[in-house]
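Structure data follow from model.pdb (PDB, C-alpha atoms):
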ATOM      1  CA  MET J 133     -10.637  -1.270  -8.480
ATOM      2  CA  PRO J 134     -12.540  -1.919  -5.244
ATOM      3  CA  ALA J 135     -11.922   0.003  -2.064
ATOM      4  CA  GLU J 136      -9.511  -1.637   0.341
ATOM      5  CA  TRP J 137     -12.203  -1.987   3.013
ATOM      6  CA  GLU J 138     -14.258  -4.272   0.760
ATOM      7  CA  PRO J 139     -13.964  -8.035   1.470
ATOM      8  CA  HIS J 140     -10.689  -9.771   0.624
ATOM      9  CA  ALA J 141     -10.084 -13.359  -0.375
ATOM     10  CA  ALA J 142      -6.492 -13.008   0.808
ATOM     11  CA  THR J 143      -3.577 -10.730   1.568
ATOM     12  CA  TRP J 144      -0.327 -11.291  -0.324
ATOM     13  CA  LEU J 145       3.008 -10.979   1.477
ATOM     14  CA  ALA J 146       6.552 -11.831   0.360
ATOM     15  CA  TRP J 147       8.924 -13.177   2.989
ATOM     16  CA  PRO J 148      11.780 -10.666   3.570
ATOM     17  CA  HIS J 149      15.252 -11.804   2.555
ATOM     18  CA  LEU J 150      17.300  -8.728   1.597
ATOM     19  CA  PRO J 151      19.323  -7.579   4.652
ATOM     20  CA  SER J 152      20.621  -4.504   2.825
ATOM     21  CA  ASP J 153      17.080  -3.058   2.844
ATOM     22  CA  TRP J 154      17.220  -3.001   6.673
ATOM     23  CA  PRO J 155      20.923  -2.548   7.508
ATOM     24  CA  GLY J 156      21.617  -3.694  11.043
ATOM     25  CA  LYS J 157      17.900  -4.294  11.704
ATOM     26  CA  PHE J 158      17.066  -7.250   9.477
ATOM     27  CA  ALA J 159      16.763  -9.800  12.304
ATOM     28  CA  ALA J 160      13.610  -8.038  13.539
ATOM     29  CA  ILE J 161      11.850  -7.828  10.169
ATOM     30  CA  PRO J 162      10.569 -11.417   9.708
ATOM     31  CA  TRP J 163       8.829 -11.089  13.063
ATOM     32  CA  VAL J 164       7.045  -7.946  11.837
ATOM     33  CA  PHE J 165       5.749  -9.876   8.826
ATOM     34  CA  ALA J 166       4.603 -12.653  11.151
ATOM     35  CA  GLU J 167       2.767 -10.113  13.306
ATOM     36  CA  ILE J 168       1.006  -8.747  10.223
ATOM     37  CA  ALA J 169      -0.069 -12.261   9.243
ATOM     38  CA  ARG J 170      -1.236 -13.062  12.785
ATOM     39  CA  HIS J 171      -3.634 -10.133  12.897
ATOM     40  CA  LEU J 172      -4.993 -10.735   9.382
ATOM     41  CA  GLN J 173      -5.443 -14.512   9.458
ATOM     42  CA  ASP J 174      -8.916 -14.596  11.007
ATOM     43  CA  GLY J 175     -10.411 -12.364   8.313
ATOM     44  CA  GLU J 176      -8.761 -13.733   5.170
ATOM     45  CA  ARG J 177      -6.178 -16.143   3.890
ATOM     46  CA  ILE J 178      -2.500 -15.278   3.837
ATOM     47  CA  ARG J 179      -0.733 -15.943   0.558
ATOM     48  CA  LEU J 180       2.976 -15.869   1.339
ATOM     49  CA  ILE J 181       5.611 -15.749  -1.385
ATOM     50  CA  VAL J 182       8.808 -17.662  -0.565
ATOM     51  CA  ARG J 183      11.828 -18.244  -2.789
ATOM     52  CA  ASP J 184      12.434 -21.939  -2.104
ATOM     53  CA  ARG J 185      11.862 -24.832   0.310
ATOM     54  CA  THR J 186      14.456 -23.555   2.762
ATOM     55  CA  GLU J 187      12.799 -20.163   3.003
ATOM     56  CA  ARG J 188       9.391 -21.779   3.316
ATOM     57  CA  ALA J 189      10.569 -23.832   6.295
ATOM     58  CA  ARG J 190      12.171 -20.788   7.899
ATOM     59  CA  ALA J 191       9.041 -18.691   7.400
ATOM     60  CA  ALA J 192       6.748 -21.445   8.695
ATOM     61  CA  LYS J 193       8.807 -21.694  11.876
ATOM     62  CA  VAL J 194       8.594 -17.958  12.561
ATOM     63  CA  LEU J 195       4.881 -17.818  11.717
ATOM     64  CA  LYS J 196       4.037 -20.754  13.977
ATOM     65  CA  ARG J 197       6.005 -19.337  16.903
ATOM     66  CA  SER J 198       4.159 -16.044  16.415
ATOM     67  CA  GLY J 199       0.716 -17.653  16.647
ATOM     68  CA  VAL J 200      -0.150 -17.920  12.957
ATOM     69  CA  THR J 201      -2.203 -20.997  12.035
ATOM     70  CA  LEU J 202      -0.328 -22.503   9.102
ATOM     71  CA  SER J 203      -3.511 -23.941   7.593
ATOM     72  CA  ARG J 204      -4.498 -20.309   6.948
ATOM     73  CA  VAL J 205      -1.353 -19.752   4.854
ATOM     74  CA  ASP J 206      -0.811 -20.586   1.173
ATOM     75  CA  PHE J 207       2.904 -20.744   0.404
ATOM     76  CA  VAL J 208       3.644 -19.666  -3.173
ATOM     77  CA  THR J 209       7.186 -20.369  -4.378
ATOM     78  CA  VAL J 210       8.721 -17.810  -6.725
ATOM     79  CA  ALA J 211      11.893 -15.717  -6.615
ATOM     80  CA  THR J 212      11.693 -12.024  -5.670
ATOM     81  CA  ASN J 213      14.025  -9.052  -5.344
ATOM     82  CA  ARG J 214      12.216  -7.425  -2.431
ATOM     83  CA  SER J 215       9.120  -7.783  -0.266
ATOM     84  CA  TRP J 216       7.025  -4.796  -1.389
ATOM     85  CA  THR J 217       4.082  -6.710  -2.847
ATOM     86  CA  ARG J 218       1.938  -3.576  -3.034
ATOM     87  CA  ASP J 219       3.963  -2.387  -5.989
ATOM     88  CA  SER J 220       5.052  -5.462  -7.952
ATOM     89  CA  LEU J 221       2.004  -7.757  -7.768
ATOM     90  CA  PRO J 222      -1.218  -7.427  -9.797
ATOM     91  CA  ILE J 223      -3.920  -5.026  -8.611
ATOM     92  CA  GLY J 224      -7.283  -6.697  -8.094
ATOM     93  CA  ILE J 225     -10.338  -5.402  -9.934
ATOM     94  CA  VAL J 226     -13.998  -6.408  -9.820
ATOM     95  CA  ARG J 227     -17.102  -6.251 -11.991
ATOM     96  CA  GLY J 228     -20.649  -6.469 -10.649
ATOM     97  CA  THR J 229     -21.893  -6.890  -7.101
ATOM     98  CA  GLY J 230     -23.173  -9.630  -4.828
ATOM     99  CA  ARG J 231     -23.237 -13.100  -6.335
ATOM    100  CA  GLY J 232     -22.636 -11.607  -9.749
ATOM    101  CA  ARG J 233     -19.324 -10.112  -8.676
ATOM    102  CA  GLN J 234     -16.423 -11.181 -10.883
ATOM    103  CA  VAL J 235     -12.783 -10.740  -9.910
ATOM    104  CA  GLY J 236      -9.920  -9.944 -12.266
ATOM    105  CA  ALA J 237      -6.532  -8.256 -12.074
ATOM    106  CA  VAL J 238      -4.321  -5.696 -13.761
ATOM    107  CA  LYS J 239      -0.604  -6.417 -13.965
ATOM    108  CA  TRP J 240       1.143  -3.124 -14.535
ATOM    109  CA  ARG J 241       4.792  -3.056 -15.516
ATOM    110  CA  PHE J 242       7.133  -2.685 -12.545
ATOM    111  CA  ASN J 243      10.396  -0.796 -13.131
ATOM    112  CA  GLY J 244      11.796  -0.548  -9.598
ATOM    113  CA  TRP J 245      10.141   2.838  -8.979
ATOM    114  CA  ALA J 246      12.293   4.231 -11.819
ATOM    115  CA  ARG J 247      15.153   4.081  -9.319
ATOM    116  CA  TYR J 248      16.538   0.600  -8.629
ATOM    117  CA  ALA J 249      18.160  -1.678 -11.192
ATOM    118  CA  ASN J 250      17.415  -4.897  -9.286
ATOM    119  CA  HIS J 251      13.708  -5.103 -10.021
ATOM    120  CA  ARG J 252      13.329  -7.599 -12.861
ATOM    121  CA  THR J 253      12.841 -10.606 -10.596
ATOM    122  CA  ASP J 254       9.989  -8.789  -8.866
ATOM    123  CA  GLU J 255       8.458  -8.035 -12.268
ATOM    124  CA  ARG J 256       8.621 -11.719 -13.178
ATOM    125  CA  ALA J 257       7.152 -12.667  -9.793
ATOM    126  CA  GLY J 258       4.219 -10.348 -10.432
ATOM    127  CA  ARG J 259       3.548 -12.036 -13.759
ATOM    128  CA  PHE J 260       3.823 -15.445 -12.098
ATOM    129  CA  VAL J 261       1.213 -14.440  -9.505
ATOM    130  CA  ALA J 262      -1.066 -13.179 -12.287
ATOM    131  CA  LYS J 263      -1.035 -16.679 -13.783
ATOM    132  CA  TRP J 264      -1.354 -18.332 -10.364
ATOM    133  CA  LEU J 265      -4.579 -16.404  -9.681
ATOM    134  CA  ARG J 266      -6.294 -17.908 -12.738
ATOM    135  CA  ARG J 267      -8.383 -14.779 -13.121
ATOM    136  CA  PRO J 268      -8.896 -12.594 -16.184
ATOM    137  CA  THR J 269      -5.816 -10.368 -16.178
ATOM    138  CA  PHE J 270      -5.001  -7.260 -18.200
ATOM    139  CA  PHE J 271      -1.454  -6.136 -19.062
ATOM    140  CA  PRO J 272      -1.514  -2.443 -20.014
ATOM    141  CA  GLY J 273       2.245  -2.263 -20.606
ATOM    142  CA  ALA J 274       2.452   1.018 -18.672
ATOM    143  CA  VAL J 275       4.289   1.445 -15.369
ATOM    144  CA  LEU J 276       2.260   1.818 -12.178
ATOM    145  CA  GLU J 277       2.539   0.615  -8.586
ATOM    146  CA  GLY J 278      -0.236  -0.052  -6.097
ATOM    147  CA  GLY J 279       1.230   2.492  -3.686
ATOM    148  CA  ALA J 280       0.913   5.217  -6.312
ATOM    149  CA  VAL J 281      -2.900   5.163  -6.213
ATOM    150  CA  ASP J 282      -5.687   4.918  -3.662
ATOM    151  CA  VAL J 283      -9.386   4.511  -4.468
ATOM    152  CA  ASP J 284     -12.822   4.768  -2.893
ATOM    153  CA  GLY J 285     -14.299   1.883  -4.894
ATOM    154  CA  GLN J 286     -16.835   4.250  -6.444
ATOM    155  CA  GLY J 287     -14.784   5.753  -9.249
ATOM    156  CA  THR J 288     -12.527   8.217  -7.409
ATOM    157  CA  LEU J 289      -8.749   7.824  -7.361
ATOM    158  CA  LEU J 290      -5.978   9.667  -5.492
ATOM    159  CA  ALA J 291      -2.499  10.121  -6.991
ATOM    160  CA  THR J 292       0.349  12.633  -7.013
ATOM    161  CA  GLU J 293       1.618  14.654  -9.941
ATOM    162  CA  GLN J 294       5.177  14.075  -8.712
ATOM    163  CA  CYS J 295       4.874  10.296  -9.056
ATOM    164  CA  LEU J 296       2.990  10.014 -12.324
ATOM    165  CA  LEU J 297       3.425  13.284 -14.218
ATOM    166  CA  THR J 298       6.193  15.693 -13.234
ATOM    167  CA  GLY J 299       8.827  14.237 -10.882
ATOM    168  CA  ARG J 300      12.280  12.940 -11.792
ATOM    169  CA  GLN J 301      10.898   9.404 -11.423
ATOM    170  CA  ALA J 302       7.570  10.115 -13.161
ATOM    171  CA  ARG J 303       6.336   6.769 -14.442
ATOM    172  CA  ASN J 304       4.660   7.617 -17.724
ATOM    173  CA  ARG J 305       5.520  11.244 -18.296
ATOM    174  CA  GLU J 306       4.961  10.908 -22.038
ATOM    175  CA  LEU J 307       1.250  10.191 -21.489
ATOM    176  CA  GLY J 308       0.607  13.527 -19.793
ATOM    177  CA  ARG J 309      -2.339  14.199 -17.513
ATOM    178  CA  SER J 310      -5.071  13.317 -19.989
ATOM    179  CA  GLY J 311      -3.361  10.131 -21.172
ATOM    180  CA  THR J 312      -2.706   8.990 -17.606
ATOM    181  CA  GLU J 313      -6.285   9.675 -16.571
ATOM    182  CA  ALA J 314      -7.530   7.683 -19.570
ATOM    183  CA  LEU J 315      -5.312   4.756 -18.571
ATOM    184  CA  LEU J 316      -6.567   4.854 -14.969
ATOM    185  CA  ARG J 317     -10.149   5.020 -16.189
ATOM    186  CA  ASP J 318      -9.817   2.170 -18.676
ATOM    187  CA  TYR J 319      -8.060  -0.272 -16.355
ATOM    188  CA  LEU J 320      -9.059   0.746 -12.804
ATOM    189  CA  GLY J 321     -12.442   2.389 -13.400
ATOM    190  CA  ALA J 322     -11.284   5.807 -12.175
ATOM    191  CA  GLU J 323     -13.895   8.293 -13.344
ATOM    192  CA  ARG J 324     -12.274  11.130 -11.420
ATOM    193  CA  VAL J 325      -8.645  11.561 -10.356
ATOM    194  CA  LEU J 326      -7.917  13.869  -7.438
ATOM    195  CA  TRP J 327      -4.390  15.094  -8.122
ATOM    196  CA  LEU J 328      -2.156  16.021  -5.214
ATOM    197  CA  GLY J 329       1.284  17.576  -5.606
ATOM    198  CA  ASN J 330       4.316  15.980  -3.987
ATOM    199  CA  GLY J 331       4.945  13.079  -1.630
ATOM    200  CA  ILE J 332       6.592  13.149   1.774
ATOM    201  CA  ALA J 333      10.255  13.396   2.753
ATOM    202  CA  GLY J 334      12.243  10.162   2.754
ATOM    203  CA  ASP J 335      10.029   8.481   0.154
ATOM    204  CA  ASP J 336      12.292   6.755  -2.383
ATOM    205  CA  THR J 337       9.365   5.989  -4.710
ATOM    206  CA  GLY J 338       9.104   9.577  -5.889
ATOM    207  CA  GLY J 339       5.706  10.523  -4.496
ATOM    208  CA  HIS J 340       3.571   7.522  -3.544
ATOM    209  CA  VAL J 341       0.223   8.723  -2.255
ATOM    210  CA  ASP J 342      -0.204   5.856   0.245
ATOM    211  CA  ASP J 343       2.328   7.499   2.549
ATOM    212  CA  PHE J 344       0.125  10.493   3.289
ATOM    213  CA  ALA J 345      -3.415  10.451   1.806
ATOM    214  CA  ARG J 346      -5.868   7.539   1.986
ATOM    215  CA  PHE J 347      -9.565   6.955   1.492
ATOM    216  CA  VAL J 348     -11.143   5.589   4.667
ATOM    217  CA  ARG J 349     -14.714   5.488   3.350
ATOM    218  CA  PRO J 350     -16.509   6.967   0.342
ATOM    219  CA  GLY J 351     -16.139  10.732   0.369
ATOM    220  CA  VAL J 352     -13.662  10.749   3.283
ATOM    221  CA  ILE J 353      -9.870  11.010   3.048
ATOM    222  CA  ALA J 354      -7.412  10.686   5.922
ATOM    223  CA  LEU J 355      -4.634  13.161   5.185
ATOM    224  CA  ALA J 356      -1.375  13.380   7.118
ATOM    225  CA  HIS J 357      -0.937  16.697   8.883
ATOM    226  CA  GLU J 358       2.370  18.279   9.919
ATOM    227  CA  THR J 359       2.286  21.128  12.461
ATOM    228  CA  ASN J 360       5.974  22.075  12.378
ATOM    229  CA  ARG J 361       6.396  24.754   9.719
ATOM    230  CA  ARG J 362      10.134  24.024   9.480
ATOM    231  CA  ASP J 363       9.593  20.362   8.672
ATOM    232  CA  PRO J 364      10.016  19.515   4.946
ATOM    233  CA  ASN J 365       6.627  17.799   5.032
ATOM    234  CA  TYR J 366       4.763  20.906   6.142
ATOM    235  CA  ARG J 367       4.423  22.521   2.718
ATOM    236  CA  PRO J 368       3.440  19.457   0.602
ATOM    237  CA  LEU J 369       0.889  18.324   3.180
ATOM    238  CA  ALA J 370      -0.584  21.812   3.509
ATOM    239  CA  GLU J 371      -0.791  22.052  -0.285
ATOM    240  CA  ALA J 372      -2.539  18.666  -0.432
ATOM    241  CA  ARG J 373      -5.091  19.865   2.111
ATOM    242  CA  GLU J 374      -5.669  23.014   0.065
ATOM    243  CA  ARG J 375      -6.182  21.002  -3.133
ATOM    244  CA  LEU J 376      -8.726  18.754  -1.443
ATOM    245  CA  SER J 377     -10.607  21.691   0.041
ATOM    246  CA  GLY J 378     -13.791  21.891  -1.948
ATOM    247  CA  ALA J 379     -12.896  18.908  -4.157
ATOM    248  CA  ARG J 380     -15.667  16.583  -5.245
ATOM    249  CA  ASP J 381     -15.481  12.864  -5.887
ATOM    250  CA  ALA J 382     -16.817  10.852  -8.827
ATOM    251  CA  ARG J 383     -20.296  10.812  -7.258
ATOM    252  CA  GLY J 384     -20.316  14.596  -6.864
ATOM    253  CA  ARG J 385     -19.834  14.574  -3.081
ATOM    254  CA  ARG J 386     -17.704  17.241  -1.459
ATOM    255  CA  VAL J 387     -14.700  15.432  -0.012
ATOM    256  CA  GLU J 388     -14.290  15.420   3.776
ATOM    257  CA  VAL J 389     -10.682  15.505   5.011
ATOM    258  CA  LEU J 390      -9.626  13.996   8.329
ATOM    259  CA  ARG J 391      -6.361  15.212   9.805
ATOM    260  CA  LEU J 392      -4.080  12.310  10.663
ATOM    261  CA  PRO J 393      -1.056  13.421  12.720
ATOM    262  CA  MET J 394       2.504  12.758  11.657
ATOM    263  CA  PRO J 395       5.005  11.169  14.038
ATOM    264  CA  ALA J 396       8.139  13.062  14.938
ATOM    265  CA  PRO J 397      10.813  12.674  12.252
ATOM    266  CA  VAL J 398      12.416   9.233  12.151
ATOM    267  CA  ALA J 399      15.972   9.027  10.820
ATOM    268  CA  PHE J 400      18.712   6.427  10.569
ATOM    269  CA  ASN J 401      22.346   7.226   9.940
ATOM    270  CA  GLY J 402      21.342  10.786   9.098
ATOM    271  CA  GLU J 403      18.730   9.737   6.513
ATOM    272  CA  ARG J 404      15.104  10.856   6.879
ATOM    273  CA  LEU J 405      12.721   7.900   6.672
ATOM    274  CA  PRO J 406       9.111   8.010   5.372
ATOM    275  CA  ALA J 407       7.448   7.383   8.729
ATOM    276  CA  SER J 408       3.701   7.970   8.483
ATOM    277  CA  TYR J 409       0.538   6.583  10.025
ATOM    278  CA  ALA J 410      -1.133   6.816   6.610
ATOM    279  CA  ASN J 411       0.670   3.662   5.477
ATOM    280  CA  PHE J 412      -1.981   1.577   7.261
ATOM    281  CA  TYR J 413      -3.586  -1.517   5.732
ATOM    282  CA  ILE J 414      -7.318  -2.220   5.826
ATOM    283  CA  GLY J 415      -7.704  -5.973   6.225
ATOM    284  CA  THR J 416     -11.060  -7.712   6.250
ATOM    285  CA  GLY J 417     -10.789  -8.467   9.969
ATOM    286  CA  ALA J 418      -8.451  -5.705  11.199
ATOM    287  CA  VAL J 419      -6.834  -2.399  10.285
ATOM    288  CA  LEU J 420      -3.075  -2.479  10.848
ATOM    289  CA  VAL J 421      -1.358   0.837  11.550
ATOM    290  CA  PRO J 422       2.399   1.480  11.749
ATOM    291  CA  THR J 423       3.495   2.983  15.079
ATOM    292  CA  PHE J 424       6.788   4.615  16.014
ATOM    293  CA  ASN J 425       7.086   4.874  19.810
ATOM    294  CA  ASP J 426       5.725   8.380  19.418
ATOM    295  CA  PRO J 427       3.165  10.337  21.492
ATOM    296  CA  ASN J 428       1.045  10.688  18.342
ATOM    297  CA  ASP J 429       0.704   6.904  18.042
ATOM    298  CA  ARG J 430      -2.292   7.007  20.361
ATOM    299  CA  SER J 431      -3.941   9.889  18.508
ATOM    300  CA  ALA J 432      -3.562   8.210  15.123
ATOM    301  CA  LEU J 433      -4.925   4.904  16.373
ATOM    302  CA  GLY J 434      -7.867   6.703  17.989
ATOM    303  CA  ILE J 435      -8.757   8.628  14.829
ATOM    304  CA  LEU J 436      -8.697   5.481  12.707
ATOM    305  CA  ALA J 437     -10.613   3.492  15.329
ATOM    306  CA  GLU J 438     -13.449   5.999  15.087
ATOM    307  CA  VAL J 439     -13.547   5.611  11.311
ATOM    308  CA  PHE J 440     -13.301   1.822  11.228
ATOM    309  CA  GLY J 441     -15.808   0.914  13.893
ATOM    310  CA  ASP J 442     -16.557  -2.439  12.263
ATOM    311  CA  ARG J 443     -13.096  -3.945  12.812
ATOM    312  CA  PRO J 444     -10.276  -3.600  15.341
ATOM    313  CA  VAL J 445      -7.494  -1.098  14.708
ATOM    314  CA  VAL J 446      -4.125  -2.539  15.719
ATOM    315  CA  GLY J 447      -0.758  -0.826  16.002
ATOM    316  CA  ILE J 448       2.276  -2.619  14.550
ATOM    317  CA  HIS J 449       5.659  -1.398  15.765
ATOM    318  CA  ALA J 450       7.426  -0.054  12.664
ATOM    319  CA  THR J 451      10.444   1.928  13.860
ATOM    320  CA  ASP J 452      12.781  -0.766  12.527
ATOM    321  CA  PHE J 453      10.488  -1.678   9.626
ATOM    322  CA  VAL J 454      10.499   1.837   8.124
ATOM    323  CA  LEU J 455      14.258   1.605   7.637
ATOM    324  CA  GLY J 456      13.327  -0.325   4.480
ATOM    325  CA  LEU J 457      11.599   2.879   3.268
ATOM    326  CA  GLY J 458       8.138   1.370   3.544
ATOM    327  CA  THR J 459       5.876  -0.189   6.157
ATOM    328  CA  ILE J 460       2.578  -2.073   6.318
ATOM    329  CA  HIS J 461       0.689  -0.905   3.257
ATOM    330  CA  CYS J 462       3.796  -1.193   1.100
ATOM    331  CA  SER J 463       4.305  -4.829   2.103
ATOM    332  CA  THR J 464       0.724  -6.027   1.555
ATOM    333  CA  GLN J 465      -1.493  -6.476  -1.491
ATOM    334  CA  GLN J 466      -5.145  -7.431  -1.184
ATOM    335  CA  GLU J 467      -6.854  -9.984  -3.393
ATOM    336  CA  PRO J 468     -10.543  -9.048  -3.686
ATOM    337  CA  ALA J 469     -13.142 -11.602  -2.709
ATOM    338  CA  GLY J 470     -15.417 -12.993  -5.389
ATOM    339  CA  TYR J 471     -18.177 -15.553  -5.639
TER
END

Go ahead and express the file in the form of structure tokens.
Amino acid sequence: MPAEWEPHAATWLAWPHLPSDWPGKFAAIPWVFAEIARHLQDGERIRLIVRDRTERARAAKVLKRSGVTLSRVDFVTVATNRSWTRDSLPIGIVRGTGRGRQVGAVKWRFNGWARYANHRTDERAGRFVAKWLRRPTFFPGAVLEGGAVDVDGQGTLLATEQCLLTGRQARNRELGRSGTEALLRDYLGAERVLWLGNGIAGDDTGGHVDDFARFVRPGVIALAHETNRRDPNYRPLAEARERLSGARDARGRRVEVLRLPMPAPVAFNGERLPASYANFYIGTGAVLVPTFNDPNDRSALGILAEVFGDRPVVGIHATDFVLGLGTIHCSTQQEPAGY
């Protein structure tokens, strides 16, 4: 599995259509997707999943009004439950480098994060996309989502024990640690797994790592940092930092940890939402970072701008978006570039 900062052929999005995921806020959400597409279009193609001709026309209208060049968009028609392509679509993999680089995919089984019953249409959509890609595709039969793992492209993978091993929603508990590591090695090339403990508050996926810990370059991890000791995120984030202290990656390098601030808690109707700057997406031409009208927005953007000096770092307003319990990384899935 290549690192996210490696070149993409395209980014996959699925046009939002489920108002109940954003109660009272849905009208704003299509415009967020259009803003994501607008900032990515110069660096890679946009492959946009729509359910039918009517939705395609509606999406095209919003995209065009937002400044997206429609010739940069491939509309792919297939039904979906939700718009979280990170978790239901195939994960791209590569073999070789340069002009010998070959691109394939792994289509893991999607079970609605072991939480939601209405997931089977998304599972079918993921299989449809696997065929649409016309690339060698592997079907392990095990459950895994793209948001559950993060990689450096050099054999090191981040994941949480809560999500894959021990939590109430643990995906393949019966495999245990050794069986899970073997699966990640065989299908994603993970020679070393850096295990963290639990995910952040408000995360309905049961511990996705992409909400708080992300590789930003080989040997360097951006880790969310909470300063308020009374916040429920303080302990799991402090424990993650302790676990990474002194850890080494698959190449034997001691891992460097960058502290990425957390925004102030974001809630809706009394429910804590998984607001985090770590749910950024590294596009070929831009890094898109969720922002929350928070004083720490500027700090987070500045930290990531220093890391990604080769491409602009852009804030995307996500205070309404996060009501769906995910933001930018959750709603995107990269397709690696090949030759």

From the options J:Ala159, J:Leu221, J:Val398, J:Leu326, which residue's atoms come nearest to Arg179 of chain J, counting all atoms listed in the file? J:Leu221

Closest atom pairs, segment 343-362 of chain J residues within 8 Å of segment 273-289 of chain J, only C-alpha atoms, as a tab-separated table:
residue	atom	partner	partner_atom	distance
J:Arg346	CA	J:Asp282	CA	6.2
J:Phe347	CA	J:Asp284	CA	5.9
J:Val348	CA	J:Asp284	CA	7.8
J:Arg349	CA	J:Asp284	CA	6.6
J:Pro350	CA	J:Asp284	CA	5.4
J:Gly351	CA	J:Asp284	CA	7.6

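When all atoms listed in the file are used to compute distances to Ala345 of chain J, the closest of the residues J:Ala333, J:Leu420, J:Leu392, J:Ala314 turns out to be J:Leu392.
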
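Nearest-residue note for Arg267 of chain J: choosing from J:Pro444, J:Gly236, J:Pro151, J:Gly244, the minimum distance belongs to J:Gly236, counting all atoms listed in the file.
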
Hey, can you check how far atom CA of Val200 of chain J sits from atom CA of Ala262 of chain J? 25.7 Å

Run through the PyMOL selection byres ((chain J and resi 205) around 9) on the given coordinates and return the selected residues as a ChimeraX atom specification. /J:169,173,177-180,200-204,206-207

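Counting all atoms listed in the file and comparing J:Ala189, J:Leu316, J:Ala410, J:Ile353, the residue that lies closest to His340 of chain J is J:Ala410.
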
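Using all atoms listed in the file, the nearest neighbour of Leu405 of chain J within the list J:Asp318, J:Tyr366, J:Asp452, J:Thr143 is J:Asp452.
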
Starting from the incomplete input, reconstruct N, CA and C atoms of segment 296-312 of chain J and report them as a PDB file, keeping the file's coordinate frame.
ATOM      1  N   LEU J 296       3.463  10.464 -11.018  1.00  0.00           N
ATOM      2  CA  LEU J 296       2.990  10.014 -12.324  1.00  0.00           C
ATOM      3  C   LEU J 296       3.213  11.000 -13.462  1.00  0.00           C
ATOM      4  N   LEU J 297       3.408  12.292 -13.141  1.00  0.00           N
ATOM      5  CA  LEU J 297       3.425  13.284 -14.218  1.00  0.00           C
ATOM      6  C   LEU J 297       4.696  14.120 -14.303  1.00  0.00           C
ATOM      7  N   THR J 298       5.206  14.613 -13.169  1.00  0.00           N
ATOM      8  CA  THR J 298       6.193  15.693 -13.234  1.00  0.00           C
ATOM      9  C   THR J 298       7.526  15.415 -12.573  1.00  0.00           C
ATOM     10  N   GLY J 299       7.603  14.455 -11.646  1.00  0.00           N
ATOM     11  CA  GLY J 299       8.827  14.237 -10.882  1.00  0.00           C
ATOM     12  C   GLY J 299       9.937  13.599 -11.701  1.00  0.00           C
ATOM     13  N   ARG J 300      11.140  13.560 -11.112  1.00  0.00           N
ATOM     14  CA  ARG J 300      12.280  12.940 -11.792  1.00  0.00           C
ATOM     15  C   ARG J 300      12.037  11.464 -12.080  1.00  0.00           C
ATOM     16  N   GLN J 301      11.204  10.816 -11.233  1.00  0.00           N
ATOM     17  CA  GLN J 301      10.898   9.404 -11.423  1.00  0.00           C
ATOM     18  C   GLN J 301       9.508   9.196 -12.031  1.00  0.00           C
ATOM     19  N   ALA J 302       8.934  10.208 -12.620  1.00  0.00           N
ATOM     20  CA  ALA J 302       7.570  10.115 -13.161  1.00  0.00           C
ATOM     21  C   ALA J 302       7.434   8.899 -14.069  1.00  0.00           C
ATOM     22  N   ARG J 303       6.407   8.083 -13.820  1.00  0.00           N
ATOM     23  CA  ARG J 303       6.336   6.769 -14.442  1.00  0.00           C
ATOM     24  C   ARG J 303       6.023   6.803 -15.935  1.00  0.00           C
ATOM     25  N   ASN J 304       5.051   7.592 -16.318  1.00  0.00           N
ATOM     26  CA  ASN J 304       4.660   7.617 -17.724  1.00  0.00           C
ATOM     27  C   ASN J 304       4.478   9.064 -18.174  1.00  0.00           C
ATOM     28  N   ARG J 305       5.561   9.811 -18.014  1.00  0.00           N
ATOM     29  CA  ARG J 305       5.520  11.244 -18.296  1.00  0.00           C
ATOM     30  C   ARG J 305       4.994  11.542 -19.696  1.00  0.00           C
ATOM     31  N   GLU J 306       5.331  10.650 -20.651  1.00  0.00           N
ATOM     32  CA  GLU J 306       4.961  10.908 -22.038  1.00  0.00           C
ATOM     33  C   GLU J 306       3.457  10.884 -22.258  1.00  0.00           C
ATOM     34  N   LEU J 307       2.703  10.260 -21.345  1.00  0.00           N
ATOM     35  CA  LEU J 307       1.250  10.191 -21.489  1.00  0.00           C
ATOM     36  C   LEU J 307       0.574  11.508 -21.125  1.00  0.00           C
ATOM     37  N   GLY J 308       1.220  12.294 -20.262  1.00  0.00           N
ATOM     38  CA  GLY J 308       0.607  13.527 -19.793  1.00  0.00           C
ATOM     39  C   GLY J 308      -0.583  13.260 -18.889  1.00  0.00           C
ATOM     40  N   ARG J 309      -1.208  14.335 -18.433  1.00  0.00           N
ATOM     41  CA  ARG J 309      -2.339  14.199 -17.513  1.00  0.00           C
ATOM     42  C   ARG J 309      -3.521  13.487 -18.173  1.00  0.00           C
ATOM     43  N   SER J 310      -3.889  13.895 -19.357  1.00  0.00           N
ATOM     44  CA  SER J 310      -5.071  13.317 -19.989  1.00  0.00           C
ATOM     45  C   SER J 310      -4.846  11.851 -20.335  1.00  0.00           C
ATOM     46  N   GLY J 311      -3.652  11.513 -20.835  1.00  0.00           N
ATOM     47  CA  GLY J 311      -3.361  10.131 -21.172  1.00  0.00           C
ATOM     48  C   GLY J 311      -3.317   9.241 -19.947  1.00  0.00           C
ATOM     49  N   THR J 312      -2.763   9.757 -18.849  1.00  0.00           N
ATOM     50  CA  THR J 312      -2.706   8.990 -17.606  1.00  0.00           C
ATOM     51  C   THR J 312      -4.097   8.777 -17.045  1.00  0.00           C
TER      52      THR J 312
END
